[in-house]
$ cat my_file.cif   # mmCIF, C-alpha atoms
data_structure
#
loop_
_atom_site.label_atom_id
_atom_site.label_comp_id
_atom_site.auth_asym_id
_atom_site.auth_seq_id
_atom_site.Cartn_x
_atom_site.Cartn_y
_atom_site.Cartn_z
CA MET E 1 -3.49 91.78 -85.99
CA LEU E 2 -2.31 88.77 -84.03
CA PHE E 3 -4.26 89.98 -81.00
CA ARG E 4 -7.46 90.31 -83.05
CA SER E 5 -6.95 86.83 -84.49
CA LEU E 6 -6.54 85.39 -81.01
CA VAL E 7 -9.62 87.20 -79.70
CA PHE E 8 -11.84 86.07 -82.59
CA MET E 9 -10.54 82.50 -82.38
CA ALA E 10 -11.22 82.48 -78.63
CA LEU E 11 -14.77 83.70 -79.25
CA GLY E 12 -15.26 81.05 -81.90
CA LEU E 13 -13.86 78.34 -79.64
CA PHE E 14 -16.26 79.44 -76.91
CA ALA E 15 -19.19 79.25 -79.32
CA PHE E 16 -17.97 75.84 -80.51
CA THR E 17 -17.70 74.36 -77.02
CA ALA E 18 -20.80 76.06 -75.59
CA ASN E 19 -22.97 74.77 -78.47
CA VAL E 20 -24.87 78.05 -78.80
CA ASN E 21 -26.57 77.25 -82.09
CA LYS E 22 -29.84 76.05 -80.55
CA PHE E 23 -31.72 79.17 -81.72
CA MET E 24 -30.42 79.16 -85.30
CA GLU E 25 -32.11 77.60 -88.31
CA PHE E 26 -29.26 77.25 -90.78
CA LYS E 27 -29.87 75.17 -93.88
CA VAL E 28 -26.94 73.34 -95.41
CA VAL E 29 -26.37 74.18 -99.05
CA GLU E 30 -25.11 71.08 -100.83
CA GLN E 31 -21.90 71.68 -102.75
CA GLN E 32 -19.62 69.25 -104.53
CA PHE E 33 -16.75 69.61 -102.08
CA SER E 34 -14.85 67.31 -99.82
CA PRO E 35 -15.21 68.26 -96.13
CA VAL E 36 -11.80 69.95 -96.14
CA GLY E 37 -12.57 71.74 -99.41
CA GLU E 38 -15.90 72.95 -98.07
CA LEU E 39 -14.23 74.18 -94.90
CA SER E 40 -11.57 76.02 -96.92
CA PHE E 41 -14.19 77.51 -99.25
CA SER E 42 -16.40 78.85 -96.49
CA THR E 43 -13.49 80.01 -94.34
CA LEU E 44 -11.34 81.77 -96.93
CA LEU E 45 -13.28 82.59 -100.09
CA ILE E 46 -16.76 83.52 -98.89
CA PRO E 47 -15.58 86.05 -96.26
CA GLY E 48 -13.28 87.65 -98.81
CA ALA E 49 -16.03 88.23 -101.33
CA GLU E 50 -18.56 89.44 -98.78
CA ASN E 51 -16.13 91.65 -96.86
CA PHE E 52 -14.81 93.41 -99.95
CA GLY E 53 -18.40 94.36 -100.71
CA LEU E 54 -18.77 95.58 -97.14
CA ALA E 55 -15.58 97.61 -97.47
CA LEU E 56 -16.98 99.25 -100.60
CA VAL E 57 -20.22 100.10 -98.76
CA ILE E 58 -18.31 101.53 -95.79
CA LEU E 59 -16.01 103.58 -98.03
CA SER E 60 -18.80 104.99 -100.15
CA THR E 61 -20.87 105.84 -97.06
CA PHE E 62 -17.94 107.67 -95.48
CA LEU E 63 -17.30 109.59 -98.70
CA ILE E 64 -20.94 110.67 -99.02
CA ILE E 65 -21.13 111.72 -95.36
CA ARG E 66 -17.81 113.57 -95.68
CA PHE E 67 -19.04 115.41 -98.78
CA ILE E 68 -22.25 116.45 -97.01
CA ALA E 69 -20.33 117.48 -93.88
CA ARG E 70 -18.05 119.74 -95.93
CA LYS E 71 -21.02 121.26 -97.76
CA ILE E 72 -22.91 122.26 -94.62
CA ASN E 73 -19.81 122.92 -92.47
CA MET E 74 -20.70 120.22 -89.94
CA ASP E 75 -19.15 120.09 -86.49
CA LYS E 76 -16.40 117.49 -85.98
CA ASN E 77 -18.19 115.60 -83.18
CA THR E 78 -21.48 115.61 -85.08
CA TYR E 79 -19.69 114.18 -88.09
CA ARG E 80 -18.16 111.38 -86.03
CA ILE E 81 -21.48 110.39 -84.44
CA LEU E 82 -23.34 110.48 -87.74
CA ALA E 83 -20.56 108.60 -89.53
CA ILE E 84 -20.56 105.76 -87.00
CA PHE E 85 -24.36 105.50 -86.88
CA ILE E 86 -25.04 105.77 -90.62
CA THR E 87 -22.12 103.56 -91.62
CA THR E 88 -23.20 100.87 -89.17
CA SER E 89 -26.75 101.07 -90.49
CA THR E 90 -25.71 100.81 -94.14
CA GLY E 91 -23.27 97.98 -93.38
CA THR E 92 -25.99 96.05 -91.57
CA LEU E 93 -28.41 96.65 -94.43
CA TYR E 94 -25.78 95.42 -96.91
CA TRP E 95 -25.26 92.30 -94.81
CA ILE E 96 -29.01 91.58 -94.72
CA ILE E 97 -29.41 92.10 -98.48
CA ASN E 98 -26.35 89.96 -99.17
CA HIS E 99 -27.82 87.03 -97.20
CA LEU E 100 -31.51 87.25 -98.09
CA LEU E 101 -31.28 84.57 -100.77
CA ARG E 102 -29.33 82.16 -98.56
CA TYR E 103 -31.58 82.46 -95.49
CA GLN E 104 -34.93 83.28 -97.06
CA GLY E 105 -37.92 82.37 -94.96
CA SER E 106 -36.03 82.30 -91.66
CA ASP E 107 -36.45 85.43 -89.59
CA VAL E 108 -34.16 84.05 -86.89
CA ALA E 109 -31.32 83.53 -89.36
CA ILE E 110 -31.76 86.99 -90.91
CA THR E 111 -31.78 88.55 -87.43
CA THR E 112 -28.59 86.69 -86.57
CA VAL E 113 -27.00 87.82 -89.84
CA ALA E 114 -28.05 91.42 -89.13
CA ALA E 115 -26.50 91.30 -85.66
CA PHE E 116 -23.28 89.81 -87.02
CA GLY E 117 -23.17 92.40 -89.80
CA ALA E 118 -23.67 95.23 -87.32
CA ILE E 119 -20.93 93.94 -85.02
CA GLN E 120 -18.55 93.43 -87.92
CA THR E 121 -19.25 96.89 -89.34
CA ILE E 122 -18.74 98.52 -85.94
CA VAL E 123 -15.42 96.68 -85.52
CA VAL E 124 -14.22 97.85 -88.94
CA VAL E 125 -15.40 101.44 -88.44
CA LEU E 126 -14.00 101.85 -84.93
CA THR E 127 -10.64 100.20 -85.64
CA GLY E 128 -10.30 101.56 -89.17
CA PHE E 129 -8.84 98.19 -90.13
CA PHE E 130 -10.54 96.09 -92.80
CA MET E 131 -8.79 92.87 -91.76
CA ALA E 132 -10.40 92.98 -88.31
CA GLY E 133 -13.82 92.33 -89.83
CA TYR E 134 -12.37 89.82 -92.28
CA LEU E 135 -10.77 87.82 -89.46
CA LEU E 136 -14.00 87.95 -87.47
CA HIS E 137 -15.91 86.59 -90.47
CA MET E 138 -13.30 83.90 -91.11
CA ALA E 139 -13.41 82.74 -87.49
CA ASN E 140 -17.21 82.71 -87.50
CA ASN E 141 -17.44 80.61 -90.67
CA PHE E 142 -14.63 78.28 -89.59
CA PHE E 143 -16.11 77.42 -86.21
CA PHE E 144 -19.63 77.12 -87.58
CA ASP E 145 -18.53 74.67 -90.28
CA ILE E 146 -16.09 72.72 -88.13
CA ARG E 147 -18.88 72.11 -85.63
CA GLY E 148 -21.02 70.63 -88.43
CA LEU E 149 -18.17 68.38 -89.60
CA PHE E 150 -17.43 66.90 -86.18
CA GLN E 151 -20.89 66.97 -84.65
CA SER E 152 -21.59 63.30 -85.40
CA ASP E 153 -18.25 62.14 -83.94
CA ILE E 154 -19.01 63.24 -80.38
#
$ encode --input "my_file.cif" --output "structure tokens"
Amino acid sequence: MLFRSLVFMALGLFAFTANVNKFMEFKVVEQQFSPVGELSFSTLLIPGAENFGLALVILSTFLIIRFIARKINMDKNTYRILAIFITTSTGTLYWIINHLLRYQGSDVAITTVAAFGAIQTIVVVLTGFFMAGYLLHMANNFFFDIRGLFQSDI
């Protein structure tokens, strides 16, 4: 878990220093938070709520695929390929639906959210560890928000 945290923090630090947000169109939602409170909210609480929903989608997808595989006596390798592909697709679809209200009208933002959702779902499915996706989401939100807080101080 420590290794995953270090990897995701390194990726976030790279994105922070490389200033790779030139193609994104994120709108700031005004909240009644102090900067530290807003950073804590978006780093800790939002990923928890969204990732528990993703975990439910992944679990239910695996259970449905497993039930179908048992019914038709599916081959083990076929099951694995289908499980990875279908679970990644449903996780990405969940991520898009979950963010449609926040990023409505911006195809670039929805595409970015879809890519992030796919990567996060693949990480969770391949590692079998829910916290890997949660840490990835926490690092993403932290570095995105910290860049907005200190952007004017450069």
$ atom_distance --input "my_file.cif" --atom1 "CA of Gly48 in chain E" --atom2 "CA of Gly128 in chain E"
17.2 Å
$ closest_residue --input "my_file.cif" --among "E:Val125, E:Leu44, E:Leu56, E:Ile96" --to "Ile81 in chain E" --atoms "all atoms listed in the file"
E:Val125
$ atom_distance --input "my_file.cif" --atom1 "CA of Phe85 in chain E" --atom2 "CA of Thr61 in chain E"
10.8 Å
$ residues_around --input "my_file.cif" --residues "range 109-120 of chain E" --least-positions-apart "6" --cutoff "12 Å" --atoms "all atoms listed in the file" --output "ChimeraX atom specification"
/E:8,21-27,47,50-51,54-55,58,84-103,126-141
$ atom_distance --input "my_file.cif" --atom1 "CA of Ala69 in chain E" --atom2 "CA of Leu82 in chain E"
9.8 Å
$ residues_near_point --input "my_file.cif" --point "(-14.3, 77.3, -81.2)" --cutoff "12 Å" --atoms "only C-alpha atoms" --output "ChimeraX atom specification"
/E:6-20,138-148,150
$ residues_around --input "my_file.cif" --residues "Phe67 in chain E" --least-positions-apart "6" --cutoff "12 Å" --atoms "all atoms listed in the file" --output "PyMOL selection string"
chain E and resi 60-61+73-74+79+83
$ closest_residue --input "my_file.cif" --among "E:Ser42, E:Val108, E:Ser5, E:Arg80" --to "Phe62 in chain E" --atoms "all atoms listed in the file"
E:Arg80
